[in-house]
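Asker: The structure file upload00.txt (compact mmCIF, C-alpha atoms) is provided below.
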# COMPACT_ATOMS: atom_id res chain seq x y z
CA MET A 164 226.84 117.46 38.20
CA ILE A 165 224.13 119.87 37.06
CA ALA A 166 225.46 119.85 33.51
CA ASN A 167 225.38 116.04 33.44
CA GLN A 168 221.82 116.04 34.78
CA LYS A 169 220.71 118.21 31.88
CA LEU A 170 222.40 115.90 29.43
CA VAL A 171 220.74 112.70 30.64
CA ASP A 172 217.21 114.03 31.29
CA ARG A 173 215.61 114.51 27.88
CA VAL A 174 212.09 115.92 27.61
CA THR A 175 209.82 115.37 24.63
CA GLU A 176 206.19 116.28 24.02
CA SER A 177 203.81 114.96 21.41
CA PRO A 178 200.12 114.57 20.61
CA VAL A 179 198.69 111.44 22.20
CA ASN A 180 197.57 110.32 18.74
CA ASN A 181 201.22 110.01 17.73
CA LEU A 182 202.04 107.42 20.39
CA SER A 183 202.86 103.92 19.17
CA GLU A 184 201.72 100.75 20.93
CA SER A 185 205.22 100.33 22.35
CA ASP A 186 205.12 103.92 23.66
CA ARG A 187 201.84 103.17 25.45
CA GLU A 188 203.16 99.92 26.89
CA GLU A 189 206.27 101.67 28.19
CA MET A 190 204.16 104.33 29.91
CA TYR A 191 201.79 101.70 31.33
CA HIS A 192 204.64 99.69 32.83
CA LEU A 193 206.17 102.77 34.42
CA LEU A 194 202.86 103.76 36.01
CA SER A 195 202.03 100.25 37.20
CA ALA A 196 205.49 99.93 38.76
CA HIS A 197 204.59 102.75 41.16
CA PHE A 198 200.81 102.37 41.57
CA ASP A 199 198.62 99.43 42.52
CA GLY A 200 195.31 99.04 40.73
CA VAL A 201 196.54 100.10 37.29
CA HIS A 202 194.73 98.20 34.51
CA SER A 203 195.68 98.43 30.86
CA VAL A 204 192.12 98.98 29.59
CA GLN A 205 191.52 101.81 32.05
CA PHE A 206 194.96 103.28 31.39
CA ASN A 207 194.41 103.38 27.63
CA ARG A 208 190.88 104.73 27.99
CA ASP A 209 192.16 107.62 30.10
CA LEU A 210 195.05 108.18 27.71
CA ASP A 211 192.69 108.33 24.72
CA GLU A 212 190.82 111.21 26.40
CA LYS A 213 193.99 113.29 26.62
CA HIS A 214 195.51 115.42 23.88
CA TRP A 215 199.18 115.80 24.79
CA VAL A 216 201.84 113.77 26.55
CA LEU A 217 205.15 114.88 28.02
CA ARG A 218 207.85 112.25 28.52
CA VAL A 219 211.15 112.36 30.38
CA ARG A 220 213.99 109.98 29.52
CA ARG A 221 217.24 109.36 31.32
CA GLY A 222 219.38 107.89 28.64
CA ASN A 223 217.10 105.37 26.93
CA GLU A 224 214.95 104.80 30.01
CA LEU A 225 211.54 106.41 30.47
CA VAL A 226 211.57 107.89 33.99
CA GLY A 227 208.52 110.13 33.89
CA PHE A 228 205.50 111.32 31.95
CA SER A 229 202.41 113.49 32.25
CA THR A 230 199.29 113.65 30.08
CA VAL A 231 197.11 116.69 29.44
CA GLN A 232 193.61 117.35 28.14
CA ALA A 233 192.80 120.87 26.92
CA TYR A 234 189.21 121.94 26.35
CA ARG A 235 186.76 124.83 26.29
CA THR A 236 183.68 125.16 28.48
CA LYS A 237 181.34 127.88 29.73
CA TRP A 238 181.17 129.48 33.14
CA ALA A 239 179.19 132.49 34.36
CA GLY A 240 178.13 133.31 30.81
CA GLN A 241 181.60 133.33 29.29
CA GLY A 242 183.93 130.84 27.68
CA ILE A 243 186.84 129.55 29.75
CA ASN A 244 189.72 127.24 28.94
CA VAL A 245 190.62 124.20 31.04
CA ILE A 246 193.82 122.20 31.30
CA ASN A 247 193.08 118.83 32.88
CA SER A 248 196.01 116.67 33.98
CA GLY A 249 195.80 112.90 33.60
CA ASP A 250 198.21 110.21 34.72
CA THR A 251 201.50 111.68 35.92
CA ILE A 252 204.50 109.85 37.34
CA MET A 253 208.17 110.50 38.00
CA ALA A 254 210.27 107.54 39.08
CA PRO A 255 211.92 108.01 42.50
CA LYS A 256 215.36 107.82 40.89
CA ALA A 257 214.49 111.06 39.05
CA TRP A 258 212.83 113.00 41.87
CA GLY A 259 215.78 115.36 42.04
CA SER A 260 215.27 116.44 38.44
CA ALA A 261 213.31 119.54 37.46
CA ALA A 262 212.80 118.20 33.93
CA LEU A 263 209.16 117.21 34.33
CA ALA A 264 208.09 120.48 35.96
CA ARG A 265 210.02 122.64 33.52
CA GLY A 266 208.82 120.64 30.52
CA TRP A 267 205.21 120.66 31.72
CA ILE A 268 205.11 124.43 32.18
CA GLY A 269 206.65 124.94 28.75
CA MET A 270 204.25 122.52 27.07
CA VAL A 271 201.18 124.04 28.68
CA ARG A 272 202.24 127.57 27.73
CA ARG A 273 202.41 126.43 24.09
CA ILE A 274 199.01 124.76 24.36
CA ILE A 275 197.48 127.92 25.83
CA ARG A 276 198.77 129.99 22.91
CA GLY A 277 196.53 127.99 20.62
CA MET A 278 193.41 128.25 22.79
CA PRO A 279 190.69 130.91 22.45
CA GLU A 280 190.89 134.07 24.53
CA GLY A 281 189.73 133.85 28.11
CA PRO A 282 190.95 132.65 31.49
CA VAL A 283 192.72 129.29 31.71
CA TYR A 284 192.20 127.04 34.73
CA TRP A 285 194.22 124.00 35.68
CA LEU A 286 192.07 121.15 36.99
CA LEU A 287 194.41 118.84 38.88
CA LEU A 288 193.72 115.69 40.87
CA SER A 289 196.22 115.15 43.68
CA ALA A 290 196.55 111.51 44.66
CA GLY A 291 199.56 112.22 46.86
CA PHE A 292 201.27 115.03 48.71
CA ARG A 293 204.14 115.20 46.21
CA THR A 294 201.73 116.13 43.42
CA TYR A 295 200.01 118.69 45.65
CA ARG A 296 203.38 120.27 46.55
CA PHE A 297 203.86 121.14 42.89
CA LEU A 298 201.23 123.87 43.33
CA PRO A 299 202.88 126.07 46.01
CA VAL A 300 206.27 125.73 44.37
CA PHE A 301 205.15 127.29 41.09
CA TRP A 302 201.81 129.05 41.65
CA ARG A 303 200.99 131.93 43.97
CA ARG A 304 197.28 131.22 44.36
CA PHE A 305 195.60 127.84 44.13
CA TRP A 306 192.84 125.96 45.92
CA PRO A 307 192.31 124.30 48.26
CA HIS A 308 194.97 126.12 50.31
CA HIS A 309 195.63 126.06 54.04
CA ALA A 310 195.78 129.85 54.26
CA ASP A 311 193.57 130.97 51.36
CA ALA A 312 189.95 129.88 51.68
CA MET A 313 187.96 129.39 48.51
CA SER A 314 185.50 132.16 47.73
CA ALA A 315 181.94 131.17 46.85
CA GLU A 316 182.77 131.81 43.19
CA ILE A 317 185.89 129.64 43.18
CA LEU A 318 184.11 126.88 45.09
CA ALA A 319 181.26 126.89 42.58
CA LEU A 320 183.71 126.83 39.68
CA ARG A 321 185.63 123.92 41.19
CA ASP A 322 182.40 121.98 41.70
CA ARG A 323 181.20 122.73 38.18
CA LEU A 324 184.43 121.61 36.51
CA ALA A 325 184.80 118.52 38.69
CA LYS A 326 181.20 117.42 38.13
CA GLU A 327 181.52 118.10 34.41
CA ARG A 328 184.64 115.97 34.19
CA PHE A 329 184.13 113.26 36.84
CA GLY A 330 180.37 113.13 37.40
CA GLN A 331 179.13 111.19 40.43
CA GLN A 332 182.66 110.15 41.32
CA PHE A 333 183.19 113.67 42.66
CA ASP A 334 181.99 114.46 46.20
CA PRO A 335 181.47 118.24 46.57
CA GLN A 336 181.27 117.94 50.36
CA THR A 337 184.85 116.71 50.64
CA GLY A 338 186.26 118.02 47.35
CA VAL A 339 187.51 114.52 46.58
CA VAL A 340 187.12 112.21 43.58
CA ARG A 341 186.67 108.52 44.42
CA PHE A 342 187.09 106.39 41.35
CA GLU A 343 185.34 103.05 41.07
CA ASN A 344 188.72 101.45 40.32
CA PRO A 345 191.26 103.70 42.07
CA GLN A 346 194.99 103.69 41.53
CA ARG A 347 196.93 103.58 44.80
CA LEU A 348 200.55 104.49 45.38
CA LYS A 349 202.75 101.53 46.22
CA PRO A 350 203.20 101.35 50.03
CA ILE A 351 206.86 102.35 49.88
CA LEU A 352 205.93 105.52 47.95
CA ALA A 353 203.05 106.34 50.29
CA GLU A 354 205.31 106.80 53.30
CA VAL A 355 205.41 110.32 54.71
CA ALA A 356 208.60 111.23 56.53
CA GLU A 357 208.03 112.95 59.85
CA GLY A 358 209.87 116.02 58.60
CA ARG A 359 207.50 116.38 55.67
CA LYS A 360 204.48 116.46 58.00
CA CYS A 361 205.77 119.77 59.38
CA ASP A 362 205.32 121.36 55.95
CA PRO A 363 201.99 123.26 56.17
CA HIS A 364 201.08 122.30 52.60
CA VAL A 365 201.73 118.60 53.20
CA ALA A 366 199.88 118.69 56.53
CA PHE A 367 196.93 120.39 54.85
CA PHE A 368 196.83 117.82 52.05
CA LEU A 369 196.88 114.91 54.50
CA GLN A 370 194.04 116.48 56.48
CA SER A 371 191.99 117.40 53.41
CA ASN A 372 192.35 114.02 51.71
CA PRO A 373 192.54 111.39 54.46
CA GLY A 374 191.75 108.61 51.98
CA TRP A 375 194.67 109.31 49.69
CA ARG A 376 196.38 106.01 50.48
CA GLU A 377 193.23 104.25 49.18
CA GLY A 378 193.32 106.23 45.95
CA ASP A 379 191.10 109.22 46.81
CA GLU A 380 192.13 112.25 44.77
CA LEU A 381 191.83 115.85 45.94
CA VAL A 382 190.42 118.23 43.32
CA CYS A 383 192.71 121.26 42.94
CA LEU A 384 192.28 124.39 40.88
CA THR A 385 194.49 127.29 39.89
CA GLU A 386 194.44 129.93 37.19
CA LEU A 387 197.30 129.53 34.76
CA GLY A 388 199.10 132.68 33.72
CA ASP A 389 202.39 134.47 34.25
CA ALA A 390 200.85 136.81 36.82
CA ASN A 391 200.19 133.81 39.08
CA LEU A 392 203.71 132.38 38.94
CA THR A 393 205.90 132.24 42.05
CA LYS A 394 209.53 133.32 41.84
CA ALA A 395 210.44 129.71 41.10
CA GLY A 396 207.84 129.63 38.32
CA VAL A 397 209.18 132.86 36.84
CA ARG A 398 212.71 131.39 36.79
CA VAL A 399 211.40 128.36 34.91
CA VAL A 400 209.63 130.55 32.34
CA GLU A 401 212.66 132.80 31.92
CA GLY A 402 214.79 129.72 31.26
CA LEU A 403 212.59 128.42 28.46
CA PRO A 404 214.20 128.59 24.99
CA TRP A 405 211.53 130.94 23.56
The structure in this file should be written as structure tokens.
Answerer:
Amino acid sequence: MIANQKLVDRVTESPVNNLSESDREEMYHLLSAHFDGVHSVQFNRDLDEKHWVLRVRRGNELVGFSTVQAYRTKWAGQGINVINSGDTIMAPKAWGSAALARGWIGMVRRIIRGMPEGPVYWLLLSAGFRTYRFLPVFWRRFWPHHADAMSAEILALRDRLAKERFGQQFDPQTGVVRFENPQRLKPILAEVAEGRKCDPHVAFFLQSNPGWREGDELVCLTELGDANLTKAGVRVVEGLPW
């Protein structure tokens, strides 16, 4: 069963500039099938701001994708690198696959190799608890975290990066971005099973972002690097073909 899964889930990465119109339409339809409030103009505008896209296919069907923007900025008198995630979706039929996570970590490690020296921070917006759960699975330290309060330095860095990227749409008091035209998970995908609410990370996300069903997105931050990987993250890295 595992061998077959690897055969049918094919991961590819490419510069956004290499996408054809049909590629964009395919991605748009996948996203709009799982989110309300997705508009083609907004989708393409956001996509044009990104640099890389990772896609997952099961056979000939697109079942997932994630977009990434990589840039350089200054903080505390030094240059830092930022990886900003854009639209990301994995169809429910492929939730059991690790292809997206494994492919994303591999792609970002390659991107980082081409960036200038300095720390690399991942700026992630979590519109749902499933996205937020990606953090504790693969990263040892990240914020916000139910058991690891943000230091004044980390809080200031989060606010700086969020304001720089999202402007007035970011509320530093709540740590949430409220877009003028939010994308909202389809009701069936926004259901939280009672068992999941017992997970401290899920419970913390639901408390920290009470407006997530309306499209509010929690600003998350972690430093990317092998030293910050969990055991699961290390296994992913060790399994990469390079």
Asker: Report as an NGL selection string all protein, DNA and RNA residues lying within 12 Å of A:Leu320, evaluated on only C-alpha atoms, omitting residues in the same chain fewer than 5 positions from it.
Answerer: :A and (236-239 or 243 or 245 or 284-286 or 306 or 313-315 or 325-327 or 335 or 338 or 382-386)
Asker: Quote the spacing between atom CA of A:Gly222 and atom CA of A:Asp172 in Å to one decimal place.
Answerer: 7.0 Å
Asker: A:Ala395, A:Val340, A:Val179, A:Leu193: which is nearest A:Leu225, counting only C-alpha atoms?
Answerer: A:Leu193
Asker: In Å, how far is it from atom CA of A:Val339 to atom CA of A:Phe368?
Answerer: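 Result for atom CA of A:Val339 versus atom CA of A:Phe368: 11.3 Å, one decimal.
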Asker: Could you please determine the separation between atom CA of A:Gly378 and atom CA of A:Tyr191 in Å, to one decimal place?
Answerer: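 Between these atoms lies a distance of 17.5 Å.
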Asker: Compare A:Arg220, A:Lys349, A:His202, A:Arg173 by their minimum atom-to-atom distance to A:Ala290, counting all atoms listed in the file, and give me the closest one.
Answerer: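 That would be A:Lys349, the residue with the smallest distance to A:Ala290.
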Asker: Quick one: of A:His309, A:Arg321, A:Arg273, A:Arg328, who's nearest to A:Val400, counting only C-alpha atoms?
Answerer: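 Closest to A:Val400 of all the choices is A:Arg273.
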